$ cat input_39.txt   # compact mmCIF, C-alpha atoms
# COMPACT_ATOMS: atom_id res chain seq x y z
CA MET A 200 -57.26 68.88 -193.11
CA ILE A 201 -58.24 66.98 -190.05
CA ALA A 202 -57.78 63.30 -190.26
CA PRO A 203 -60.87 61.19 -189.44
CA ILE A 204 -60.98 60.11 -185.82
CA HIS A 205 -61.10 56.43 -185.25
CA LEU A 206 -63.26 56.15 -182.15
CA ARG A 207 -62.16 52.62 -181.36
CA SER A 208 -58.53 53.78 -181.04
CA CYS A 209 -59.54 56.52 -178.60
CA VAL A 210 -61.50 54.28 -176.21
CA PRO A 211 -58.51 53.00 -174.16
CA LEU A 212 -57.14 56.52 -173.81
CA ALA A 213 -60.51 57.96 -172.86
CA LEU A 214 -60.96 55.21 -170.28
CA CYS A 215 -57.53 56.02 -168.90
CA MET A 216 -58.41 59.71 -168.64
CA LEU A 217 -61.73 58.92 -167.00
CA ALA A 218 -59.85 56.83 -164.47
CA ILE A 219 -57.56 59.78 -163.73
CA LEU A 220 -60.61 62.01 -163.46
CA ALA A 221 -62.29 59.61 -161.04
CA ILE A 222 -59.18 59.42 -158.90
CA THR A 223 -58.88 63.19 -158.90
CA LEU A 224 -62.52 63.65 -157.90
CA GLY A 225 -62.31 61.02 -155.21
CA ALA A 226 -59.27 62.57 -153.66
CA SER A 227 -61.01 65.34 -151.77
CA PRO A 228 -58.66 66.69 -149.15
CA VAL A 229 -58.88 65.11 -145.74
CA VAL A 230 -57.58 67.32 -143.01
CA ALA A 231 -56.05 65.29 -140.26
CA PRO A 232 -57.46 66.14 -136.84
CA LYS A 233 -55.24 68.46 -134.91
CA ARG A 234 -53.47 66.57 -132.18
CA THR A 235 -52.66 68.04 -128.85
CA THR A 236 -49.72 66.76 -126.92
CA PRO A 237 -51.08 64.31 -124.40
CA VAL A 238 -50.12 65.01 -120.85
CA LYS A 239 -50.35 62.29 -118.26
CA PRO A 240 -53.09 63.42 -115.88
CA VAL A 241 -52.25 63.76 -112.24
CA VAL A 242 -54.33 61.23 -110.39
CA GLU A 243 -55.52 61.92 -106.92
CA LYS A 244 -57.71 60.02 -104.52
CA ASN A 245 -61.12 61.62 -104.22
CA ARG A 246 -63.96 59.96 -102.30
CA GLY A 247 -62.33 56.60 -102.78
CA GLU A 248 -62.08 56.82 -106.56
CA GLU A 249 -59.14 57.80 -108.68
CA ILE A 250 -59.85 60.70 -110.94
CA PRO A 251 -57.66 63.01 -112.96
CA PHE A 252 -58.06 66.09 -110.79
CA TYR A 253 -56.37 68.62 -113.02
CA PRO A 254 -56.64 69.60 -116.66
CA SER A 255 -55.33 66.79 -118.80
CA ALA A 256 -54.62 68.97 -121.80
CA PRO A 257 -52.08 71.81 -121.84
CA ALA A 258 -54.59 74.10 -123.53
CA LEU A 259 -56.91 73.84 -120.52
CA LEU A 260 -54.14 74.66 -118.04
CA ALA A 261 -54.37 78.25 -119.26
CA ALA A 262 -57.94 78.46 -117.97
CA ALA A 263 -57.17 76.88 -114.56
CA PRO A 264 -56.75 79.16 -111.53
CA LYS A 265 -53.24 80.33 -110.75
CA GLY A 266 -52.19 79.86 -107.12
CA PRO A 267 -54.44 78.52 -104.37
CA TYR A 268 -58.16 78.14 -104.98
CA ILE A 269 -61.11 76.92 -102.93
CA VAL A 270 -63.43 74.13 -104.07
CA VAL A 271 -66.78 73.57 -102.33
CA ASP A 272 -68.70 70.33 -102.88
CA THR A 273 -72.35 71.03 -101.96
CA ALA A 274 -73.35 67.38 -102.32
CA GLN A 275 -70.73 66.12 -99.86
CA ASN A 276 -70.62 69.36 -97.81
CA ARG A 277 -66.85 69.64 -97.98
CA VAL A 278 -64.46 72.51 -98.59
CA TYR A 279 -61.04 72.02 -100.19
CA LEU A 280 -58.16 74.45 -100.45
CA ARG A 281 -56.16 73.44 -103.50
CA ASN A 282 -53.12 74.63 -105.37
CA GLY A 283 -52.60 73.15 -108.82
CA ASN A 284 -53.26 69.46 -108.46
CA ARG A 285 -52.60 69.34 -104.72
CA THR A 286 -55.15 69.49 -101.92
CA LEU A 287 -53.64 71.65 -99.18
CA TYR A 288 -56.52 71.41 -96.74
CA SER A 289 -60.02 69.99 -96.55
CA ALA A 290 -62.80 70.36 -94.01
CA VAL A 291 -66.43 69.49 -93.45
CA ALA A 292 -68.88 72.32 -94.13
CA SER A 293 -72.58 73.12 -94.38
CA THR A 294 -74.15 74.46 -97.54
CA GLY A 295 -77.59 75.57 -98.72
CA SER A 296 -80.70 73.61 -97.78
CA GLY A 297 -82.50 74.28 -101.05
CA ALA A 298 -85.65 74.96 -99.01
CA ARG A 299 -88.17 77.63 -99.98
CA LEU A 300 -89.64 80.33 -97.75
CA GLN A 301 -92.70 82.19 -98.95
CA ASP A 302 -92.99 85.91 -98.32
CA PRO A 303 -96.26 86.41 -96.35
CA ARG A 304 -96.40 90.03 -97.55
CA ASN A 305 -96.46 88.89 -101.19
CA PRO A 306 -97.36 85.23 -101.76
CA THR A 307 -95.86 85.25 -105.26
CA ASN A 308 -92.50 86.19 -103.77
CA GLY A 309 -90.13 84.05 -101.79
CA TRP A 310 -86.60 82.84 -101.23
CA VAL A 311 -84.90 79.57 -102.18
CA PHE A 312 -81.96 78.89 -99.90
CA ASP A 313 -79.47 77.45 -102.38
CA THR A 314 -75.72 77.92 -102.35
CA PRO A 315 -74.89 79.44 -105.74
CA ARG A 316 -72.84 77.21 -108.04
CA GLY A 317 -70.11 78.36 -110.36
CA VAL A 318 -66.81 80.21 -110.25
CA PHE A 319 -66.51 83.14 -107.83
CA THR A 320 -63.80 85.29 -106.27
CA ILE A 321 -63.13 86.00 -102.59
CA SER A 322 -63.96 89.69 -102.56
CA SER A 323 -63.86 90.54 -98.85
CA LYS A 324 -62.34 89.31 -95.59
CA ILE A 325 -63.91 90.41 -92.32
CA LYS A 326 -62.83 89.84 -88.71
CA ASN A 327 -65.55 89.53 -86.06
CA PRO A 328 -68.37 89.88 -88.59
CA ALA A 329 -71.81 91.02 -87.55
CA TRP A 330 -74.88 89.75 -89.32
CA ASN A 331 -77.13 92.33 -90.93
CA LYS A 332 -80.25 90.15 -90.85
CA PRO A 333 -82.34 90.30 -94.01
CA ASP A 334 -86.15 90.17 -94.07
CA TRP A 335 -86.31 86.41 -94.52
CA ALA A 336 -84.45 85.81 -91.24
CA PHE A 337 -87.28 87.49 -89.33
CA ILE A 338 -90.04 85.91 -91.43
CA GLU A 339 -88.53 82.46 -90.90
CA GLU A 340 -88.54 83.00 -87.13
CA GLY A 341 -92.07 84.35 -87.18
CA GLU A 342 -90.85 87.71 -85.89
CA PRO A 343 -91.86 91.19 -87.03
CA ILE A 344 -89.47 92.86 -89.46
CA PRO A 345 -87.73 95.73 -87.65
CA THR A 346 -88.03 99.25 -88.97
CA LYS A 347 -84.70 100.48 -87.60
CA PRO A 348 -81.53 99.20 -89.36
CA LYS A 349 -79.70 98.78 -86.04
CA ASP A 350 -82.30 96.25 -84.93
CA ARG A 351 -81.17 93.97 -87.75
CA ILE A 352 -77.59 93.67 -86.52
CA GLU A 353 -76.72 90.49 -84.66
CA THR A 354 -73.21 89.77 -83.41
CA GLY A 355 -71.48 86.53 -82.49
CA VAL A 356 -73.44 84.24 -84.81
CA LEU A 357 -71.09 84.16 -87.84
CA GLY A 358 -67.94 83.06 -86.02
CA ASP A 359 -64.68 84.99 -85.84
CA TYR A 360 -64.15 85.48 -89.58
CA ALA A 361 -66.08 85.81 -92.81
CA LEU A 362 -64.94 85.61 -96.42
CA GLY A 363 -67.35 87.22 -98.85
CA PHE A 364 -67.82 86.06 -102.40
CA GLY A 365 -70.50 88.46 -103.64
CA LYS A 366 -74.25 89.13 -103.51
CA GLY A 367 -74.31 88.78 -99.71
CA TYR A 368 -72.88 85.25 -99.67
CA PHE A 369 -70.08 84.41 -97.21
CA ILE A 370 -67.95 81.58 -95.93
CA HIS A 371 -68.37 82.03 -92.19
CA GLY A 372 -68.46 80.24 -88.84
CA THR A 373 -71.43 78.78 -87.00
CA LEU A 374 -72.84 78.13 -83.56
CA TYR A 375 -74.47 74.93 -84.85
CA THR A 376 -71.34 72.86 -85.30
CA ARG A 377 -73.30 69.60 -84.93
CA MET A 378 -75.06 70.47 -88.22
CA LEU A 379 -71.77 70.58 -90.15
CA GLY A 380 -71.80 68.07 -92.98
CA THR A 381 -75.47 68.67 -93.80
CA ASN A 382 -77.34 71.00 -96.14
CA VAL A 383 -78.91 73.40 -93.67
CA THR A 384 -77.80 76.94 -94.51
CA HIS A 385 -79.57 79.79 -96.25
CA GLY A 386 -76.96 79.77 -99.02
CA CYS A 387 -73.78 80.73 -97.16
CA ILE A 388 -71.05 78.20 -96.48
CA ARG A 389 -70.54 77.41 -92.81
CA LEU A 390 -67.28 76.09 -91.41
CA GLY A 391 -66.02 75.07 -87.99
CA ASP A 392 -63.79 77.50 -86.09
CA GLU A 393 -60.46 75.89 -86.96
CA PRO A 394 -60.93 75.50 -90.74
CA LEU A 395 -62.39 78.99 -90.91
CA GLU A 396 -59.31 80.45 -89.23
CA TYR A 397 -57.05 78.42 -91.53
CA LEU A 398 -58.81 79.67 -94.65
CA PHE A 399 -58.89 83.25 -93.43
CA HIS A 400 -55.13 83.30 -92.93
CA ASN A 401 -54.19 81.33 -96.04
CA VAL A 402 -56.53 82.70 -98.67
CA PRO A 403 -55.77 86.12 -100.13
CA LEU A 404 -58.38 88.45 -101.60
CA GLY A 405 -59.04 87.58 -105.23
CA THR A 406 -58.74 83.83 -104.66
CA THR A 407 -60.87 81.74 -107.01
CA LEU A 408 -63.77 79.89 -105.38
CA ILE A 409 -65.41 77.04 -107.28
CA ILE A 410 -68.73 75.77 -105.92
CA PHE A 411 -70.34 72.67 -107.40
CA MET B 937 -49.35 71.72 -188.04
CA SER B 938 -52.13 69.33 -187.38
CA LEU B 939 -52.11 66.89 -184.50
CA HIS B 940 -52.89 63.27 -184.84
CA PRO B 941 -56.55 62.81 -183.96
CA ALA B 942 -55.73 60.43 -181.12
CA VAL B 943 -53.28 62.92 -179.58
CA SER B 944 -55.81 65.68 -179.99
CA CYS B 945 -58.44 63.58 -178.25
CA VAL B 946 -56.09 62.78 -175.37
CA LEU B 947 -55.27 66.45 -174.91
CA TRP B 948 -58.95 67.40 -174.86
CA VAL B 949 -59.78 64.74 -172.30
CA PHE B 950 -56.77 65.80 -170.22
CA PHE B 951 -57.85 69.44 -170.34
CA ILE B 952 -61.43 68.63 -169.35
CA THR B 953 -60.15 66.38 -166.57
CA LEU B 954 -58.00 69.18 -165.21
CA VAL B 955 -60.80 71.75 -165.30
CA LEU B 956 -63.44 69.47 -163.81
CA GLY B 957 -61.04 67.99 -161.30
CA GLU B 958 -59.91 71.36 -159.96
CA SER B 959 -63.49 72.60 -159.75
CA CYS B 960 -64.61 69.56 -157.75
CA PHE B 961 -61.43 69.61 -155.69
CA SER B 962 -62.05 73.13 -154.45
CA GLN B 963 -65.71 72.27 -153.81
CA GLY B 964 -64.64 69.26 -151.77
CA ARG B 965 -62.13 71.38 -149.89
CA ALA B 966 -64.91 73.77 -148.89
CA GLN B 967 -67.27 70.95 -147.87
CA SER B 968 -64.73 69.02 -145.82
CA LYS B 969 -63.95 71.90 -143.46
CA PRO B 970 -63.17 70.02 -140.27
CA PRO B 971 -65.47 70.46 -137.28
CA PRO B 972 -63.95 72.24 -134.29
CA GLN B 973 -61.81 70.02 -132.10
CA PRO B 974 -63.33 69.04 -128.71
CA ILE B 975 -60.35 70.55 -126.89
CA ASP B 976 -60.95 73.91 -128.56
CA GLN B 977 -64.64 73.71 -127.73
CA GLU B 978 -63.87 72.86 -124.11
CA LEU B 979 -61.41 75.74 -123.85
CA GLN B 980 -64.26 78.01 -124.87
CA LEU B 981 -66.31 76.68 -121.90
CA ALA B 982 -63.35 76.67 -119.50
CA LYS B 983 -62.90 80.42 -119.95
CA THR B 984 -66.35 81.15 -118.50
CA LYS B 985 -67.32 81.49 -114.83
CA SER B 986 -69.76 78.60 -115.08
CA LEU B 987 -69.66 74.92 -114.32
CA TYR B 988 -69.96 72.72 -117.40
CA LEU B 989 -70.44 69.07 -118.26
CA VAL B 990 -68.29 67.05 -120.62
CA VAL B 991 -70.11 63.95 -121.84
CA ASP B 992 -67.35 61.84 -123.35
CA THR B 993 -68.99 58.94 -125.13
CA THR B 994 -65.62 57.74 -126.42
CA LYS B 995 -64.42 57.06 -122.86
CA ASN B 996 -67.87 56.45 -121.36
CA ILE B 997 -67.46 59.10 -118.71
CA VAL B 998 -69.13 62.36 -117.75
CA PHE B 999 -67.09 65.12 -116.14
CA LEU B 1000 -68.36 68.07 -114.15
CA LYS B 1001 -65.77 70.77 -114.70
CA ALA B 1002 -64.99 74.42 -114.05
CA ARG B 1003 -62.06 76.35 -115.51
CA GLY B 1004 -60.85 73.10 -117.10
CA ILE B 1005 -60.63 71.34 -113.73
CA PRO B 1006 -62.54 68.07 -113.34
CA LEU B 1007 -64.54 68.47 -110.12
CA ARG B 1008 -66.44 65.23 -110.27
CA THR B 1009 -66.48 62.23 -112.58
CA PHE B 1010 -69.48 60.05 -113.39
CA PRO B 1011 -68.41 56.75 -114.96
CA LEU B 1012 -70.95 55.42 -117.44
CA THR B 1013 -71.73 51.75 -117.74
CA GLN B 1014 -73.10 52.34 -121.21
CA SER B 1015 -73.89 55.15 -123.64
CA ALA B 1016 -75.91 54.74 -126.82
CA TRP B 1017 -77.74 56.89 -129.32
CA ILE B 1018 -81.34 56.35 -130.28
CA GLY B 1019 -81.43 57.09 -133.98
CA ALA B 1020 -78.65 59.06 -135.58
CA PRO B 1021 -76.00 60.54 -133.30
CA LEU B 1022 -74.87 64.16 -133.48
CA ALA B 1023 -72.68 64.86 -136.49
CA HIS B 1024 -69.68 65.82 -134.36
CA SER B 1025 -68.74 67.02 -130.89
CA THR B 1026 -71.11 69.82 -129.95
CA ILE B 1027 -71.56 72.44 -127.24
CA VAL B 1028 -75.08 72.26 -125.82
CA GLN B 1029 -77.04 74.22 -123.22
CA LEU B 1030 -79.24 72.54 -120.62
CA ASN B 1031 -82.81 73.74 -120.80
CA THR B 1032 -84.79 71.61 -118.36
CA LYS B 1033 -84.58 68.58 -116.12
CA ASP B 1034 -87.51 66.20 -115.92
CA PRO B 1035 -88.68 65.37 -113.29
CA LEU B 1036 -88.02 68.57 -111.36
CA ILE B 1037 -87.55 68.27 -107.62
CA SER B 1038 -89.46 71.03 -105.88
CA PRO B 1039 -87.80 72.79 -102.94
CA ILE B 1040 -89.15 71.86 -99.53
CA PRO B 1041 -91.28 74.70 -98.13
CA ILE B 1042 -90.36 76.24 -94.78
CA THR B 1043 -93.28 76.88 -92.46
CA PRO B 1044 -92.53 79.79 -90.11
CA PRO B 1045 -93.82 79.41 -86.53
CA SER B 1046 -97.22 81.00 -86.09
CA ASP B 1047 -96.32 82.56 -82.76
CA SER B 1048 -92.66 83.04 -81.89
CA SER B 1049 -93.43 84.44 -78.43
CA SER B 1050 -95.16 81.28 -77.19
CA GLU B 1051 -93.38 78.98 -74.78
CA SER B 1052 -94.02 75.89 -76.90
CA PRO B 1053 -90.90 74.17 -78.26
CA PRO B 1054 -89.92 75.22 -81.79
CA GLU B 1055 -91.05 73.02 -84.67
CA GLU B 1056 -88.53 70.55 -86.04
CA PRO B 1057 -86.96 72.15 -89.13
CA ALA B 1058 -87.84 70.55 -92.47
CA LYS B 1059 -85.39 67.83 -93.46
CA PRO B 1060 -83.24 69.29 -96.25
CA LEU B 1061 -82.92 67.61 -99.63
CA THR B 1062 -79.75 65.61 -100.11
CA VAL B 1063 -78.22 63.77 -103.05
CA ASN B 1064 -80.06 60.63 -101.92
CA ASP B 1065 -83.37 62.40 -102.56
CA MET B 1066 -82.49 63.00 -106.21
CA PRO B 1067 -83.96 60.77 -108.95
CA ASN B 1068 -81.79 58.24 -110.76
CA HIS B 1069 -84.02 58.08 -113.84
CA TYR B 1070 -84.58 61.40 -115.64
CA GLU B 1071 -84.26 63.44 -118.81
CA LEU B 1072 -81.96 66.36 -119.49
CA ALA B 1073 -83.35 68.44 -122.36
CA PHE B 1074 -80.90 70.70 -124.16
CA GLN B 1075 -81.67 73.67 -126.40
CA GLU B 1076 -79.91 72.10 -129.37
CA ASN B 1077 -82.66 69.47 -129.89
CA LEU B 1078 -80.72 66.98 -127.82
CA THR B 1079 -82.21 64.99 -124.95
CA ILE B 1080 -80.04 62.91 -122.64
CA LEU B 1081 -81.92 60.08 -120.98
CA VAL B 1082 -80.22 59.09 -117.74
CA GLN B 1083 -81.11 55.72 -116.28
CA PRO B 1084 -79.72 53.48 -113.56
CA HIS B 1085 -77.72 50.57 -114.87
CA HIS B 1086 -79.06 48.22 -112.23
CA LEU B 1087 -81.06 48.50 -109.05
CA PRO B 1088 -80.61 46.15 -106.08
CA SER B 1089 -84.29 45.28 -105.64
CA PHE B 1090 -85.72 42.88 -108.26
CA TRP B 1091 -89.12 44.60 -108.54
CA GLU B 1092 -87.64 48.08 -108.49
CA ASN B 1093 -85.25 46.96 -111.19
CA MET B 1094 -88.13 45.52 -113.22
CA VAL B 1095 -90.15 48.74 -112.96
CA HIS B 1096 -87.12 50.78 -114.01
CA GLN B 1097 -86.42 48.47 -116.94
CA ILE B 1098 -90.00 48.79 -118.18
CA ALA B 1099 -89.94 52.55 -117.69
CA GLY B 1100 -86.63 52.65 -119.55
CA TRP B 1101 -88.04 50.69 -122.48
CA GLY B 1102 -91.06 52.98 -122.62
CA GLN B 1103 -88.81 56.01 -122.55
CA ARG B 1104 -86.63 54.63 -125.34
CA VAL B 1105 -89.64 53.73 -127.49
CA ALA B 1106 -91.01 57.26 -127.02
CA ALA B 1107 -87.58 58.63 -127.90
CA ARG B 1108 -87.40 56.42 -130.99
CA ILE B 1109 -90.78 57.77 -132.15
CA GLY B 1110 -89.49 61.25 -131.37
CA THR B 1111 -86.58 60.76 -133.74
CA TRP B 1112 -88.91 59.93 -136.69
CA SER B 1113 -89.60 63.60 -137.24
CA GLY B 1114 -85.84 64.11 -137.26
CA SER B 1115 -86.16 67.11 -134.98
CA ARG B 1116 -84.68 65.62 -131.80
CA GLN B 1117 -81.72 63.42 -130.98
CA TYR B 1118 -81.49 61.15 -127.95
CA LEU B 1119 -78.49 59.91 -126.01
CA VAL B 1120 -79.05 57.25 -123.35
CA LEU B 1121 -76.57 57.20 -120.45
CA SER B 1122 -76.59 54.28 -118.03
CA LEU B 1123 -74.92 54.84 -114.67
CA ASP B 1124 -74.70 53.35 -111.24
CA PRO B 1125 -77.88 54.57 -109.43
CA THR B 1126 -75.97 56.69 -106.90
CA GLU B 1127 -73.87 58.23 -109.68
CA ALA B 1128 -77.08 59.05 -111.58
CA GLN B 1129 -78.39 60.83 -108.47
CA ALA B 1130 -75.12 62.76 -108.10
CA LEU B 1131 -75.29 63.76 -111.77
CA TYR B 1132 -78.82 65.08 -111.24
CA TRP B 1133 -77.55 67.15 -108.29
CA ALA B 1134 -74.67 68.48 -110.39
CA THR B 1135 -76.77 69.60 -113.36
CA ILE B 1136 -78.41 72.99 -113.07
CA PRO B 1137 -80.07 74.72 -116.02
CA PRO B 1138 -78.90 76.69 -117.96
CA MET B 1139 -75.45 75.11 -117.64
CA THR B 1140 -73.55 74.25 -120.78
CA GLY B 1141 -72.11 70.95 -121.82
CA LEU B 1142 -69.86 69.44 -124.42
CA VAL B 1143 -70.81 66.14 -126.01
CA ILE B 1144 -67.76 64.33 -127.38
CA LEU B 1145 -68.71 61.53 -129.71
CA GLU B 1146 -66.09 60.59 -132.27
CA LYS B 1147 -66.65 56.89 -131.69
CA ALA B 1148 -70.34 56.99 -130.81
CA THR B 1149 -72.43 54.13 -132.14
CA ALA B 1150 -76.05 54.18 -133.18
CA LYS B 1151 -78.34 51.82 -131.37

$ encode --input "input_39.txt" --output "structure tokens"
Amino acid sequence: MIAPIHLRSCVPLALCMLAILAITLGASPVVAPKRTTPVKPVVEKNRGEEIPFYPSAPALLAAAPKGPYIVVDTAQNRVYLRNGNRTLYSAVASTGSGARLQDPRNPTNGWVFDTPRGVFTISSKIKNPAWNKPDWAFIEEGEPIPTKPKDRIETGVLGDYALGFGKGYFIHGTLYTRMLGTNVTHGCIRLGDEPLEYLFHNVPLGTTLIIF
Amino acid sequence: MSLHPAVSCVLWVFFITLVLGESCFSQGRAQSKPPPQPIDQELQLAKTKSLYLVVDTTKNIVFLKARGIPLRTFPLTQSAWIGAPLAHSTIVQLNTKDPLISPIPITPPSDSSSESPPEEPAKPLTVNDMPNHYELAFQENLTILVQPHHLPSFWENMVHQIAGWGQRVAARIGTWSGSRQYLVLSLDPTEAQALYWATIPPMTGLVILEKATAK
């Protein structure tokens, strides 16, 4: 036989259990954010301001280039050779003008002379390069486009060395040294004779090139 | 053996508490899955061959980076959300810039054989030609409004302030539908121009906002 339940005697206990229930429900797990070990960033002077110039988190170090790498600043027209957080060399350069040339043969077609931005690799190194002039070089000068490939070759205009980084883009020399420091090229990166020679002899094939 | 009714009642309540509590606990565990950490998200971007932006609203700074290396920093004077901020740090992809600066056209000489001196080449665009007041629209329904913190000329400053208010009011109305979120970044005018130069669609970005405040 079940004894009659006195509800009034159960109320404090029920309240107690409800309190436990409420606490249990409220205690949803909170996962603490994962902490990465802070590393003091290496600070370097850059254009008069102090910035942390290398990954400040160990996880990002894995993505950073190993060994020397080239950085090109298209806004300031400067080239840096860096290794880790150190700048080994810097020089004034010329990068893309961003100008547009329309193709008279097909008005919907044209070329925009921008230096590509992103992460590239030095894929070729050439001594005494000759320029295989593309169509736009003739159109820009108002000259007829030659039919024979040999008529496109021009020597002595790219300096003593050229470092290719894909799709016909090069770091090369220039005859127009007074234009260094300005955005005047068709997308290639122009350097003076001395910095070009320095880069050629100190940058191996496969070196990372970052253009921004 | 029969239990005292009070004891029986306590046991029932305890049992129900356990069952309900565990059920809700596991539900809560599933719901409170932590969002990815900004460092993990950035590592994802650093592994690509592209430049990327890191908009850190906790430190009021924008980084242009590649392979984890900060290439350029853009200190912010202020950052604020119009309407509700993003729920957590998010990777976004730049869709468009407004206004767009058109490339300067090159006009080839009509007759290269003539003796007349060559035409002066078109002056190339530089950072100084870039706007300091613009919108960066991202695919993830996020728009970043970039505006100069202060301009030296009084009237120019006034015009920019009015334009900024108009832009923010339009953004506020835009948030009513709940489809778009707006982040306003105020920078030094030259820094704003440099940021415009640095941003090229379809580059990716990471918006870090643990301490972001709604405006």

$ closest_residue --input "input_39.txt" --among "B:Gly1100, B:Pro1044, B:Pro1067, B:Pro1125" --to "chain A" --atoms "only C-alpha atoms"
B:Pro1044

$ residues_near_point --input "input_39.txt" --point "(-65.5, 68.7, -98.8)" --cutoff "10 Å" --atoms "all atoms listed in the file" --output "list in words"
Asn245, Arg246, Val270, Val271, Asp272, Thr273, Ala274, Gln275, Asn276, Arg277, Val278, Tyr279, Leu280, Tyr288, Ser289, Ala290, Val291, Ala292, Ser293 and Gly380 of chain A

$ atom_distance --input "input_39.txt" --atom1 "CA of Tyr1070 (chain B)" --atom2 "CA of Tyr1132 (chain B)"
8.1 Å

$ residues_around --input "input_39.txt" --residues "Pro972 (chain B)" --least-positions-apart "4" --cutoff "9 Å" --atoms "only C-alpha atoms" --output "ChimeraX atom specification"
/B:976-977,1024-1026

$ residues_around --input "input_39.txt" --residues "Pro264 (chain A)" --least-positions-apart "4" --cutoff "10 Å" --atoms "only C-alpha atoms" --output "MDAnalysis selection string"
(chainID A and resid 260 268:269 281:283 406:409) or (chainID B and resid 1002:1005)

$ write_last_selection --input "input_39.txt" --atoms "C-alpha atoms" --output "compact mmCIF listing (two decimals), keeping the file's coordinate frame"
# COMPACT_ATOMS: atom_id res chain seq x y z
CA LEU A 260 -54.14 74.66 -118.04
CA TYR A 268 -58.16 78.14 -104.98
CA ILE A 269 -61.11 76.92 -102.93
CA ARG A 281 -56.16 73.44 -103.50
CA ASN A 282 -53.12 74.63 -105.37
CA GLY A 283 -52.60 73.15 -108.82
CA THR A 406 -58.74 83.83 -104.66
CA THR A 407 -60.87 81.74 -107.01
CA LEU A 408 -63.77 79.89 -105.38
CA ILE A 409 -65.41 77.04 -107.28
CA ALA B 1002 -64.99 74.42 -114.05
CA ARG B 1003 -62.06 76.35 -115.51
CA GLY B 1004 -60.85 73.10 -117.10
CA ILE B 1005 -60.63 71.34 -113.73

$ atom_distance --input "input_39.txt" --atom1 "CA of Thr381 (chain A)" --atom2 "CA of Leu1061 (chain B)"
9.5 Å

$ closest_residue --input "input_39.txt" --among "B:Trp1017, B:Trp1112, B:Phe1090, B:Trp948" --to "chain A" --atoms "all atoms listed in the file"
B:Trp948

$ residues_around --input "input_39.txt" --residues "Val1063 (chain B)" --least-positions-apart "5" --cutoff "7 Å" --atoms "only C-alpha atoms" --output "list of chain:residue names"
A:Ala274, B:Gln1129, B:Ala1130, B:Trp1133
